[in-house]
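Heads up, work10.tsv below (TSV, C-alpha atoms):
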```tsv
chain	number	residue	atom	x	y	z
V	554	MET	CA	0.00	0.00	0.00
V	555	ASP	CA	1.28	3.44	-0.88
V	556	LEU	CA	0.79	6.24	1.63
V	557	LYS	CA	0.56	8.69	-1.26
V	558	ASP	CA	-2.70	7.07	-2.35
V	559	LEU	CA	-4.48	8.07	0.85
V	560	LYS	CA	-7.47	10.31	0.17
V	561	ASP	CA	-8.83	13.09	2.35
V	562	PHE	CA	-11.77	10.82	3.04
V	563	HIS	CA	-9.42	8.22	4.56
V	564	LEU	CA	-7.53	10.78	6.63
V	565	ASP	CA	-10.79	12.25	7.98
V	566	GLY	CA	-12.00	8.77	8.85
V	567	ILE	CA	-8.80	7.93	10.72
V	568	LYS	CA	-8.94	11.25	12.58
V	569	GLU	CA	-12.55	10.51	13.56
V	570	ILE	CA	-11.64	7.04	14.88
V	571	SER	CA	-8.72	8.51	16.82
V	572	ASN	CA	-10.94	11.28	18.14
V	573	ILE	CA	-13.19	8.71	19.82
V	574	GLY	CA	-10.14	7.17	21.53
V	575	GLY	CA	-8.75	10.60	22.47
V	576	GLY	CA	-12.06	11.62	24.04
V	577	HIS	CA	-12.17	8.53	26.22
V	578	ALA	CA	-8.52	8.94	27.21
V	579	ALA	CA	-9.06	12.60	28.17
V	580	THR	CA	-12.11	11.71	30.29
V	581	VAL	CA	-10.15	9.08	32.18
V	582	LEU	CA	-7.17	11.38	32.66
V	583	SER	CA	-9.48	14.12	33.88
V	584	GLN	CA	-11.01	11.77	36.48
V	585	LEU	CA	-7.56	10.63	37.60
V	586	ILE	CA	-6.21	14.10	38.25
V	587	ASN	CA	-9.51	15.76	39.07
V	588	ARG	CA	-9.30	18.68	36.69
V	589	LYS	CA	-10.43	19.57	33.22
V	590	VAL	CA	-8.43	18.11	30.35
V	591	MET	CA	-8.80	19.53	26.85
V	592	VAL	CA	-8.20	17.32	23.87
V	593	SER	CA	-7.26	18.55	20.40
V	594	VAL	CA	-8.64	17.41	17.07
V	595	PRO	CA	-6.26	14.61	16.03
V	596	LYS	CA	-3.67	15.31	13.37
V	597	VAL	CA	-2.45	12.77	10.85
V	598	HIS	CA	1.25	13.06	10.04
V	599	ILE	CA	2.79	11.45	6.98
V	600	ILE	CA	6.42	12.54	7.09
V	601	SER	CA	9.92	11.42	6.34
V	602	SER	CA	11.36	9.44	9.30
V	603	GLU	CA	14.20	11.95	9.88
V	604	ASP	CA	11.59	14.64	10.54
V	605	VAL	CA	9.50	12.63	13.02
V	606	TYR	CA	10.79	14.68	15.99
V	607	ARG	CA	9.04	17.77	14.58
V	608	ILE	CA	5.67	16.36	15.71
V	609	ILE	CA	6.24	17.61	19.26
V	610	ASN	CA	7.27	21.10	20.31
V	611	ASN	CA	9.62	19.87	23.02
V	612	GLU	CA	12.17	18.06	20.87
V	613	ASP	CA	15.20	19.51	22.70
V	614	GLU	CA	13.71	19.13	26.20
V	615	ILE	CA	13.69	16.20	28.58
V	616	VAL	CA	10.37	14.40	28.35
V	617	THR	CA	8.85	11.27	29.81
V	618	GLY	CA	7.77	8.86	27.11
V	619	CYS	CA	5.68	5.73	27.69
V	620	LEU	CA	5.67	3.32	24.81
V	621	VAL	CA	3.00	0.61	24.66
V	622	LYS	CA	3.00	-2.07	21.99
V	623	PHE	CA	-0.30	-3.62	21.01
V	624	LEU	CA	-1.15	-6.92	19.39
V	625	GLY	CA	-4.32	-8.58	18.16
V	626	ASP	CA	-6.38	-7.64	15.11
V	627	LEU	CA	-4.56	-4.32	15.08
V	628	THR	CA	-0.83	-4.12	15.75
V	629	GLY	CA	1.44	-1.16	16.35
V	630	ARG	CA	2.59	1.15	19.10
V	631	THR	CA	1.22	4.04	21.15
V	632	LEU	CA	3.48	6.66	22.68
V	633	LEU	CA	2.38	9.02	25.46
V	634	ILE	CA	4.72	11.98	25.91
V	635	PHE	CA	4.71	14.63	28.63
V	636	PRO	CA	7.39	17.26	29.23
V	637	ARG	CA	9.32	16.33	32.40
V	638	ASP	CA	7.86	19.25	34.42
V	639	GLN	CA	4.36	18.29	33.41
V	640	SER	CA	4.99	14.69	34.47
V	641	MET	CA	6.04	15.86	37.92
V	642	LEU	CA	2.81	17.88	38.20
V	643	LEU	CA	0.85	14.81	37.12
V	644	VAL	CA	2.54	12.76	39.83
V	645	ASP	CA	1.54	15.37	42.44
V	646	MET	CA	-2.07	15.30	41.25
V	647	VAL	CA	-2.36	11.51	41.07
V	648	MET	CA	-0.70	10.97	44.46
V	649	GLY	CA	-2.75	13.75	46.07
V	650	LYS	CA	0.24	15.94	46.95
V	651	GLU	CA	0.43	19.69	46.77
V	652	GLU	CA	1.51	20.83	43.32
V	653	GLY	CA	5.25	21.43	43.09
V	654	THR	CA	6.13	18.81	45.72
V	655	THR	CA	7.69	16.38	43.26
V	656	THR	CA	11.09	17.57	42.02
V	657	ILE	CA	12.74	14.29	41.04
V	658	LEU	CA	11.47	11.23	39.25
V	659	SER	CA	12.65	8.28	41.32
V	660	GLU	CA	11.25	4.78	41.15
V	661	ILE	CA	7.94	5.51	42.87
V	662	GLU	CA	7.21	8.56	40.72
V	663	GLN	CA	8.14	6.63	37.59
V	664	SER	CA	5.78	3.87	38.59
V	665	ALA	CA	2.99	6.45	39.04
V	666	ILE	CA	3.66	7.84	35.55
V	667	LYS	CA	3.58	4.32	34.09
V	668	GLU	CA	0.27	3.69	35.82
V	669	VAL	CA	-1.24	6.90	34.40
V	670	ALA	CA	0.07	6.00	30.93
V	671	ASN	CA	-1.30	2.50	31.25
V	672	ILE	CA	-4.79	3.77	32.10
V	673	VAL	CA	-4.82	6.55	29.48
V	674	ILE	CA	-3.46	4.40	26.64
V	675	SER	CA	-5.66	1.42	27.53
V	676	SER	CA	-8.80	3.56	27.48
V	677	TYR	CA	-7.74	5.02	24.14
V	678	LEU	CA	-7.18	1.56	22.66
V	679	THR	CA	-10.33	0.08	24.23
V	680	ALA	CA	-12.42	2.82	22.63
V	681	LEU	CA	-10.80	2.04	19.27
V	682	SER	CA	-11.33	-1.66	19.79
V	683	ASP	CA	-15.04	-1.20	20.64
V	684	PHE	CA	-15.68	1.13	17.72
V	685	LEU	CA	-13.84	-0.99	15.14
V	686	ASN	CA	-14.97	-4.28	16.67
V	687	MET	CA	-11.37	-5.51	16.52
V	688	LEU	CA	-9.28	-7.14	19.24
V	689	ILE	CA	-6.47	-4.93	20.60
V	690	LEU	CA	-4.18	-6.21	23.36
V	691	PRO	CA	-1.83	-3.63	24.90
V	692	SER	CA	1.52	-4.54	26.49
V	693	VAL	CA	3.00	-3.10	29.68
V	694	PRO	CA	4.45	0.38	29.13
V	695	ASN	CA	8.19	0.99	28.67
V	696	LEU	CA	9.00	4.33	30.30
V	697	VAL	CA	11.97	6.42	29.21
V	698	ILE	CA	13.02	9.83	30.53
V	699	ASP	CA	15.14	11.44	27.86
V	700	VAL	CA	15.49	14.07	25.13
V	701	GLY	CA	12.26	14.42	23.10
V	702	SER	CA	13.73	13.93	19.65
V	703	ALA	CA	15.61	10.77	20.71
V	704	VAL	CA	12.49	9.27	22.30
V	705	LEU	CA	10.34	9.92	19.24
V	706	THR	CA	12.90	8.86	16.64
V	707	SER	CA	13.83	5.65	18.47
V	708	ALA	CA	10.19	4.76	19.15
V	709	TYR	CA	9.72	4.83	15.42
V	710	ILE	CA	12.93	3.55	13.87
V	711	ASP	CA	13.57	0.66	16.28
V	712	PHE	CA	10.23	-1.02	15.57
V	713	SER	CA	8.81	0.01	12.25
V	714	VAL	CA	8.93	-2.07	9.09
V	715	ASN	CA	8.84	0.93	6.77
V	716	LYS	CA	11.81	3.05	7.83
V	717	ASP	CA	11.30	5.77	5.19
V	718	ILE	CA	7.97	7.35	5.90
V	719	VAL	CA	6.18	7.71	9.22
V	720	PHE	CA	2.41	7.43	9.42
V	721	CYS	CA	1.03	8.48	12.77
V	722	VAL	CA	-2.00	10.02	14.42
V	723	GLU	CA	-1.32	12.60	17.11
V	724	THR	CA	-3.71	13.81	19.81
V	725	GLU	CA	-2.74	16.67	22.10
V	726	PHE	CA	-3.84	17.06	25.72
V	727	SER	CA	-3.75	20.34	27.54
V	728	PHE	CA	-4.77	21.32	31.05
V	729	GLU	CA	-7.23	24.14	31.37
V	730	GLU	CA	-5.72	25.97	34.33
V	731	ASP	CA	-2.18	25.88	33.01
V	732	SER	CA	-1.24	29.14	31.39
V	733	GLN	CA	2.29	27.98	30.57
V	734	ASN	CA	1.12	26.01	27.57
V	735	LEU	CA	2.10	22.68	29.06
V	736	LYS	CA	1.00	19.82	26.91
V	737	GLY	CA	0.96	16.08	26.48
V	738	TYR	CA	0.94	14.08	23.29
V	739	LEU	CA	-0.59	10.73	22.50
V	740	ILE	CA	0.79	9.28	19.29
V	741	LEU	CA	-0.65	6.23	17.56
V	742	LEU	CA	1.75	4.38	15.25
V	743	PRO	CA	-0.13	1.59	13.47
V	744	ASP	CA	1.87	-1.03	11.54
V	745	PRO	CA	1.34	-0.89	7.75
V	746	VAL	CA	-0.85	-4.04	7.84
V	747	SER	CA	-3.05	-2.46	10.51
V	748	LEU	CA	-3.29	0.79	8.62
V	749	LYS	CA	-4.62	-1.23	5.71
V	750	LYS	CA	-7.21	-2.83	8.04
V	751	LEU	CA	-8.29	0.63	9.20
V	752	LEU	CA	-8.69	1.74	5.59
V	753	ASP	CA	-10.68	-1.40	4.72
V	754	PHE	CA	-12.97	-0.58	7.64
V	755	LEU	CA	-13.49	2.93	6.26
V	756	ASN	CA	-14.09	1.64	2.74
V	757	ARG	CA	-16.90	-0.68	3.88
U	845	MET	CA	30.77	29.38	15.07
U	846	ILE	CA	28.49	26.69	16.45
U	847	ILE	CA	27.15	24.46	13.69
U	848	ASN	CA	24.10	22.39	14.59
U	849	ILE	CA	23.71	19.05	12.91
U	850	ARG	CA	20.20	17.68	12.67
U	851	ILE	CA	19.13	14.05	12.35
U	852	ALA	CA	20.32	12.55	9.03
U	853	ASP	CA	22.75	15.38	8.40
U	854	ALA	CA	26.51	16.02	8.34
U	855	ASN	CA	28.89	18.96	8.20
U	856	VAL	CA	32.56	19.88	8.01
U	857	ALA	CA	34.12	22.58	10.22
U	858	PHE	CA	37.43	24.40	10.80
U	859	GLU	CA	39.56	25.63	13.69
U	860	GLU	CA	37.21	28.18	15.28
U	861	ASP	CA	34.07	26.05	14.95
U	862	VAL	CA	32.10	23.73	17.18
U	863	LEU	CA	30.00	20.94	15.69
U	864	LYS	CA	26.99	20.03	17.77
U	865	THR	CA	24.20	17.48	17.63
U	866	ILE	CA	21.49	16.57	20.13
U	867	GLY	CA	19.26	13.59	20.84
U	868	LEU	CA	21.21	10.56	19.67
U	869	GLY	CA	18.92	7.69	20.65
U	870	SER	CA	19.40	4.71	18.40
U	871	CYS	CA	21.08	7.11	15.96
U	872	VAL	CA	24.88	7.32	15.90
U	873	ALA	CA	27.23	10.28	15.49
U	874	VAL	CA	30.71	9.77	14.09
U	875	THR	CA	33.25	12.58	14.38
U	876	LEU	CA	36.30	12.65	12.10
U	877	PHE	CA	39.31	14.82	12.84
U	878	ASP	CA	42.44	15.74	10.88
U	879	ARG	CA	44.65	17.06	13.66
U	880	GLU	CA	47.30	18.55	11.37
U	881	LYS	CA	44.93	20.62	9.23
U	882	LYS	CA	42.40	21.18	12.06
U	883	ILE	CA	39.51	20.02	9.94
U	884	GLY	CA	36.67	18.20	11.65
U	885	GLY	CA	33.53	16.50	10.40
U	886	MET	CA	30.46	15.04	12.04
U	887	ILE	CA	27.59	12.90	10.82
U	888	HIS	CA	24.35	12.02	12.66
U	889	PHE	CA	22.86	9.01	10.87
U	890	MET	CA	19.76	6.91	11.61
U	891	LEU	CA	20.29	3.57	9.88
U	892	PRO	CA	23.26	1.32	9.06
U	893	SER	CA	22.68	0.96	5.36
U	894	LYS	CA	20.53	2.21	2.54
U	895	VAL	CA	19.27	-1.36	2.00
U	896	PHE	CA	16.90	-0.65	4.93
U	897	SER	CA	14.93	1.71	2.75
U	898	LYS	CA	12.90	1.28	-0.36
U	899	ALA	CA	13.29	4.89	-1.30
U	900	PHE	CA	16.66	6.63	-1.27
U	901	PHE	CA	16.58	10.37	-0.68
U	902	ASN	CA	19.15	11.56	1.80
U	903	PRO	CA	22.63	9.92	1.86
U	904	TYR	CA	23.31	11.18	5.42
U	905	LYS	CA	20.44	9.10	6.78
U	906	TYR	CA	22.56	5.95	6.34
U	907	CYS	CA	26.00	5.03	7.63
U	908	ASP	CA	27.29	3.46	4.41
U	909	THR	CA	26.46	6.32	2.07
U	910	GLY	CA	26.81	9.11	4.62
U	911	LEU	CA	30.21	8.28	6.07
U	912	SER	CA	31.79	7.84	2.62
U	913	ASN	CA	30.34	11.18	1.56
U	914	LEU	CA	31.68	12.90	4.66
U	915	ILE	CA	35.20	11.48	4.19
U	916	MET	CA	35.13	12.63	0.56
U	917	GLU	CA	33.98	16.15	1.47
U	918	MET	CA	36.69	16.48	4.11
U	919	GLU	CA	39.35	15.34	1.63
U	920	GLN	CA	38.15	17.94	-0.86
U	921	LEU	CA	38.72	20.59	1.81
U	922	GLY	CA	42.29	19.47	2.46
U	923	ALA	CA	42.01	16.74	5.07
U	924	ARG	CA	43.66	13.35	4.43
U	925	LYS	CA	42.16	10.01	5.29
U	926	TYR	CA	45.44	8.56	6.67
U	927	ARG	CA	45.61	11.39	9.23
U	928	MET	CA	41.99	11.09	10.39
U	929	GLU	CA	40.90	9.82	13.78
U	930	ALA	CA	37.32	8.94	14.66
U	931	LYS	CA	35.05	9.00	17.70
U	932	VAL	CA	31.75	7.09	17.83
U	933	VAL	CA	28.81	8.15	20.03
U	934	GLY	CA	25.22	6.95	20.43
U	935	GLY	CA	23.52	3.74	19.34
U	936	ALA	CA	21.43	3.20	22.45
U	937	ASN	CA	18.70	0.62	22.81
U	938	MET	CA	16.17	3.07	24.28
U	939	PHE	CA	13.25	0.70	24.73
U	940	SER	CA	15.16	-2.17	26.30
U	941	ILE	CA	12.05	-3.78	27.80
U	942	PHE	CA	10.74	-4.49	24.30
U	943	ILE	CA	14.05	-5.28	22.62
U	944	LYS	CA	15.68	-7.80	24.96
U	945	ASN	CA	18.37	-8.99	22.58
U	946	VAL	CA	20.53	-5.91	22.08
U	947	GLU	CA	22.00	-7.26	18.84
U	948	GLU	CA	18.57	-6.89	17.23
U	949	SER	CA	18.39	-3.18	18.00
U	950	ILE	CA	19.01	-0.60	15.32
U	951	GLY	CA	21.40	1.19	17.68
U	952	TYR	CA	23.71	-1.83	17.95
U	953	ARG	CA	23.68	-2.37	14.20
U	954	ASN	CA	24.46	1.32	13.65
U	955	ILE	CA	27.54	1.10	15.90
U	956	GLU	CA	28.76	-2.11	14.26
U	957	MET	CA	28.38	-0.65	10.79
U	958	ALA	CA	30.20	2.58	11.72
U	959	LYS	CA	33.13	0.63	13.22
U	960	LYS	CA	33.27	-1.72	10.24
U	961	MET	CA	33.41	1.17	7.79
U	962	LEU	CA	36.07	2.99	9.80
U	963	ARG	CA	38.12	-0.23	9.90
U	964	GLU	CA	37.83	-0.62	6.14
U	965	ASN	CA	38.97	2.98	5.68
U	966	ARG	CA	41.84	2.46	8.17
U	967	ILE	CA	40.63	5.28	10.40
U	968	PRO	CA	41.38	4.53	14.09
U	969	VAL	CA	38.59	4.92	16.68
U	970	THR	CA	40.15	6.91	19.53
U	971	ALA	CA	37.05	7.14	21.74
U	972	GLU	CA	33.68	5.50	21.99
U	973	ASP	CA	30.59	6.24	24.10
U	974	THR	CA	27.92	3.89	22.83
U	975	GLY	CA	25.13	1.46	23.73
U	976	SER	CA	23.10	1.29	26.97
U	977	ASP	CA	19.55	2.73	27.07
U	978	TYR	CA	19.87	6.51	27.19
U	979	SER	CA	20.34	9.24	24.58
U	980	ARG	CA	23.39	11.45	24.18
U	981	SER	CA	24.30	14.85	22.78
U	982	VAL	CA	27.72	15.70	21.35
U	983	GLU	CA	29.77	18.89	21.08
U	984	PHE	CA	32.94	18.65	18.99
U	985	THR	CA	35.46	21.48	19.47
U	986	ILE	CA	37.70	21.50	16.40
U	987	LYS	CA	40.47	23.56	18.03
U	988	THR	CA	41.22	20.85	20.60
U	989	GLY	CA	39.78	17.84	18.79
U	990	LYS	CA	37.91	16.98	21.98
U	991	ILE	CA	34.27	15.95	22.20
U	992	LYS	CA	31.88	16.57	25.07
U	993	VAL	CA	29.16	13.95	25.46
U	994	THR	CA	26.12	15.00	27.49
U	995	SER	CA	23.33	12.77	28.72
U	996	TYR	CA	20.44	13.11	31.15
U	997	LYS	CA	21.66	10.04	32.99
U	998	LEU	CA	25.40	10.70	33.36
U	999	GLY	CA	25.89	14.42	32.77
U	1000	GLU	CA	28.98	15.60	30.92
U	1001	ILE	CA	31.94	13.47	29.85
U	1002	GLN	CA	34.95	14.65	27.82
U	1003	TYR	CA	36.77	12.45	25.33
```
Representation of the structure as structure tokens:
Amino acid sequence: MDLKDLKDFHLDGIKEISNIGGGHAATVLSQLINRKVMVSVPKVHIISSEDVYRIINNEDEIVTGCLVKFLGDLTGRTLLIFPRDQSMLLVDMVMGKEEGTTTILSEIEQSAIKEVANIVISSYLTALSDFLNMLILPSVPNLVIDVGSAVLTSAYIDFSVNKDIVFCVETEFSFEEDSQNLKGYLILLPDPVSLKKLLDFLNR
Amino acid sequence: MIINIRIADANVAFEEDVLKTIGLGSCVAVTLFDREKKIGGMIHFMLPSKVFSKAFFNPYKYCDTGLSNLIMEMEQLGARKYRMEAKVVGGANMFSIFIKNVEESIGYRNIEMAKKMLRENRIPVTAEDTGSDYSRSVEFTIKTGKIKVTSYKLGEIQY
């Protein structure tokens, strides 16, 4: 299948499917941290693999990235990225501490971040699974704390079959009360076979 | 002048310059240095060989095409291969929970390919900071020929 052959109709369909997942994920995240979470309209990126880091605005910053692989009728990976500062705020909220308490990410904080990622990504994938009526089985998350561009590039290049062009769907989370423009990204990276299944679903 | 090298890119620099690249995950940076002429070069490549790709756009994305190009460009500017020394940085296996066998990771294959090519070109590797599961950034000061490797995990190390 050639990514160039994708029509607007396909891209809109994929955005719509991802939007359902993003909505569920935002609701769950909002309940976890007890504040309003805004979710963006998903964006589809079809870009050269050397430019994949451009998807996020924090490519030179330290971020926390949780990668989850999924198997079943659909296969691929999901990556949840938060800037490091935002992750520490999330830890405070989830663990019921006063904001600003967490200043390092040791084992217990990392385990809290993994738990949040697990819940957010699972609800995203479950919504997709229900809507598409396809089986999706997520793995445990692999958390890395590192430079944004390295996390994104490695999450793509280490696993993907097609190493030339990246196809991914990106959903952005933002927190209503934050004026500093702190954001999180949920990135869906379907394998080429799964992308074809998604398109077949849309063509029905 | 500080010259930034992006992913899948390379550049050549002279005495007053600093070559810099950030976020080497599974990617690898190779620095080449002609001490006599004070000419330095750096490449930040993603994949070992162009056979990994169906399409072929950017030679600096791959070790095989990129490193040969860089050596050629440096020679055109007055450097000589027999005087060059190399340093290799990067090639981490970032998601080590999913890729248990390190030899299967792209990072490992990138390092192996870089070393193999340097061996074939008879360029000695004078320093190496590779592998493990964290990303690195490199600053190459041409005046001294030294590189500074920075990582979130270990801070700054000079080679």
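Counting all atoms listed in the file, the residue from U:Phe877, U:Tyr952, U:Tyr996, U:Tyr904 that sits nearest to chain V is U:Tyr996.
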Hey, can I get the axis-aligned box for range 977-988 of chain U? All listed atoms, 4 Å padding on each side, centre and edge lengths in Å to one decimal, as JSON.
```
{"center_x": 30.4, "center_y": 13.1, "center_z": 21.8, "size_x": 29.7, "size_y": 28.8, "size_z": 18.8}
```
- The distance between CA of Ser995 in chain U and CA of Cys619 in chain V is 19.0 Å
- Task: Would you kindly report the residues of chain V within 10 Å of chain U, using only C-alpha atoms, as a PyMOL selection string?
- Result: chain V and resi 601-606+612-615+619-622+692-708+710-712+714-718
Preceding selection exported with C-alpha atoms as a compact mmCIF listing (two decimals), in the frame of the given file:
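The result, stored in result-v8.txt:
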```
# COMPACT_ATOMS: atom_id res chain seq x y z
CA SER V 601 9.92 11.42 6.34
CA SER V 602 11.36 9.44 9.30
CA GLU V 603 14.20 11.95 9.88
CA ASP V 604 11.59 14.64 10.54
CA VAL V 605 9.50 12.63 13.02
CA TYR V 606 10.79 14.68 15.99
CA GLU V 612 12.17 18.06 20.87
CA ASP V 613 15.20 19.51 22.70
CA GLU V 614 13.71 19.13 26.20
CA ILE V 615 13.69 16.20 28.58
CA CYS V 619 5.68 5.73 27.69
CA LEU V 620 5.67 3.32 24.81
CA VAL V 621 3.00 0.61 24.66
CA LYS V 622 3.00 -2.07 21.99
CA SER V 692 1.52 -4.54 26.49
CA VAL V 693 3.00 -3.10 29.68
CA PRO V 694 4.45 0.38 29.13
CA ASN V 695 8.19 0.99 28.67
CA LEU V 696 9.00 4.33 30.30
CA VAL V 697 11.97 6.42 29.21
CA ILE V 698 13.02 9.83 30.53
CA ASP V 699 15.14 11.44 27.86
CA VAL V 700 15.49 14.07 25.13
CA GLY V 701 12.26 14.42 23.10
CA SER V 702 13.73 13.93 19.65
CA ALA V 703 15.61 10.77 20.71
CA VAL V 704 12.49 9.27 22.30
CA LEU V 705 10.34 9.92 19.24
CA THR V 706 12.90 8.86 16.64
CA SER V 707 13.83 5.65 18.47
CA ALA V 708 10.19 4.76 19.15
CA ILE V 710 12.93 3.55 13.87
CA ASP V 711 13.57 0.66 16.28
CA PHE V 712 10.23 -1.02 15.57
CA VAL V 714 8.93 -2.07 9.09
CA ASN V 715 8.84 0.93 6.77
CA LYS V 716 11.81 3.05 7.83
CA ASP V 717 11.30 5.77 5.19
CA ILE V 718 7.97 7.35 5.90
```
- Please identify all polymer residues within 8 Å of Glu652 in chain V, counting all atoms listed in the file, omitting same-chain residues fewer than 5 positions from it, and present them as a list in words.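 Near Glu652 in chain V, the qualifying residues are Leu642, Asp645 and Met646 of chain V.
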Write the residues you've just listed into a file as a PDB file, keeping the file's coordinate frame, and include C-alpha atoms for each of them.
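Dumped everything to out.pdb:
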```
ATOM      1  CA  LEU V 642       2.810  17.880  38.200  1.00  0.00           C
ATOM      2  CA  ASP V 645       1.540  15.370  42.440  1.00  0.00           C
ATOM      3  CA  MET V 646      -2.070  15.300  41.250  1.00  0.00           C
TER       4      MET V 646
END
```
- Task: Go ahead and compute the interatomic distance for CA of Ile967 in chain U and CA of Glu929 in chain U, in Å to one decimal.
- Result: 5.7 Å
- Item | CA of Leu559 in chain V to CA of Ser713 in chain V, distance in Å rounded to a single decimal |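 Pair CA of Leu559 in chain V / CA of Ser713 in chain V returns 19.3 Å.
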- Query: Which residue gives the smallest distance to Met957 in chain U among U:Lys944, U:Lys894, U:Arg927, U:Lys992, with all atoms listed in the file counted?
  - Reply: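 Using all atoms listed in the file, the shortest distance to Met957 in chain U belongs to U:Lys894.
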- Can you pull out every residue within 8 Å of Ala665 in chain V, counting all atoms listed in the file, but drop anything in the same chain fewer than 6 positions away, and send it as a PyMOL selection string? chain V and resi 644+647-648
- Message: Distance cut-off 10 Å, centre (26.9, 19.9, 4.1) in file coordinates, counting all atoms listed in the file: which residues qualify? Return them as a PyMOL selection string.
- Response: chain U and resi 849+853-857+885-887+904+913-914+917
- Task: Would you kindly return, as a PyMOL selection string, each protein, DNA or RNA residue with an atom no farther than 12 Å from any atom of Val746 in chain V, considering only C-alpha atoms and excluding same-chain residues fewer than 4 positions away?
- Result: chain V and resi 554-555+624-629+713-715+742+750-753
- Point (-13.4, 4.2, 25.6) neighbourhood (8 Å, all atoms listed in the file) written as JSON, numbers by chain: {"V": [573, 574, 576, 577, 578, 676, 677, 678, 679, 680, 681, 683]}
- Message: Set the distance at 12 Å and use only C-alpha atoms: which residues neighbour Gln1002 in chain U once local chain neighbours fewer than 4 positions away are removed? I'd like the list as a ChimeraX atom specification.
- Response: /U:931,933,971-973,981-985,988-995,998
- Task: Name the residues in contact with Ile847 in chain U at a cut-off of 7 Å, using only C-alpha atoms, excluding same-chain residues fewer than 5 positions from it; report them as a ChimeraX atom specification.
- Result: /U:862-864
- Item | Pick from V:Val673, V:Met687, V:Gly575, V:Val722, whichever lies nearest to Ile599 in chain V using only C-alpha atoms |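 Smallest distance to Ile599 in chain V is found for V:Val722.
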- From U:Met928, U:Ala958, U:Ile915, U:Met845, residue lying nearest Thr970 in chain U [all atoms listed in the file]: U:Met928
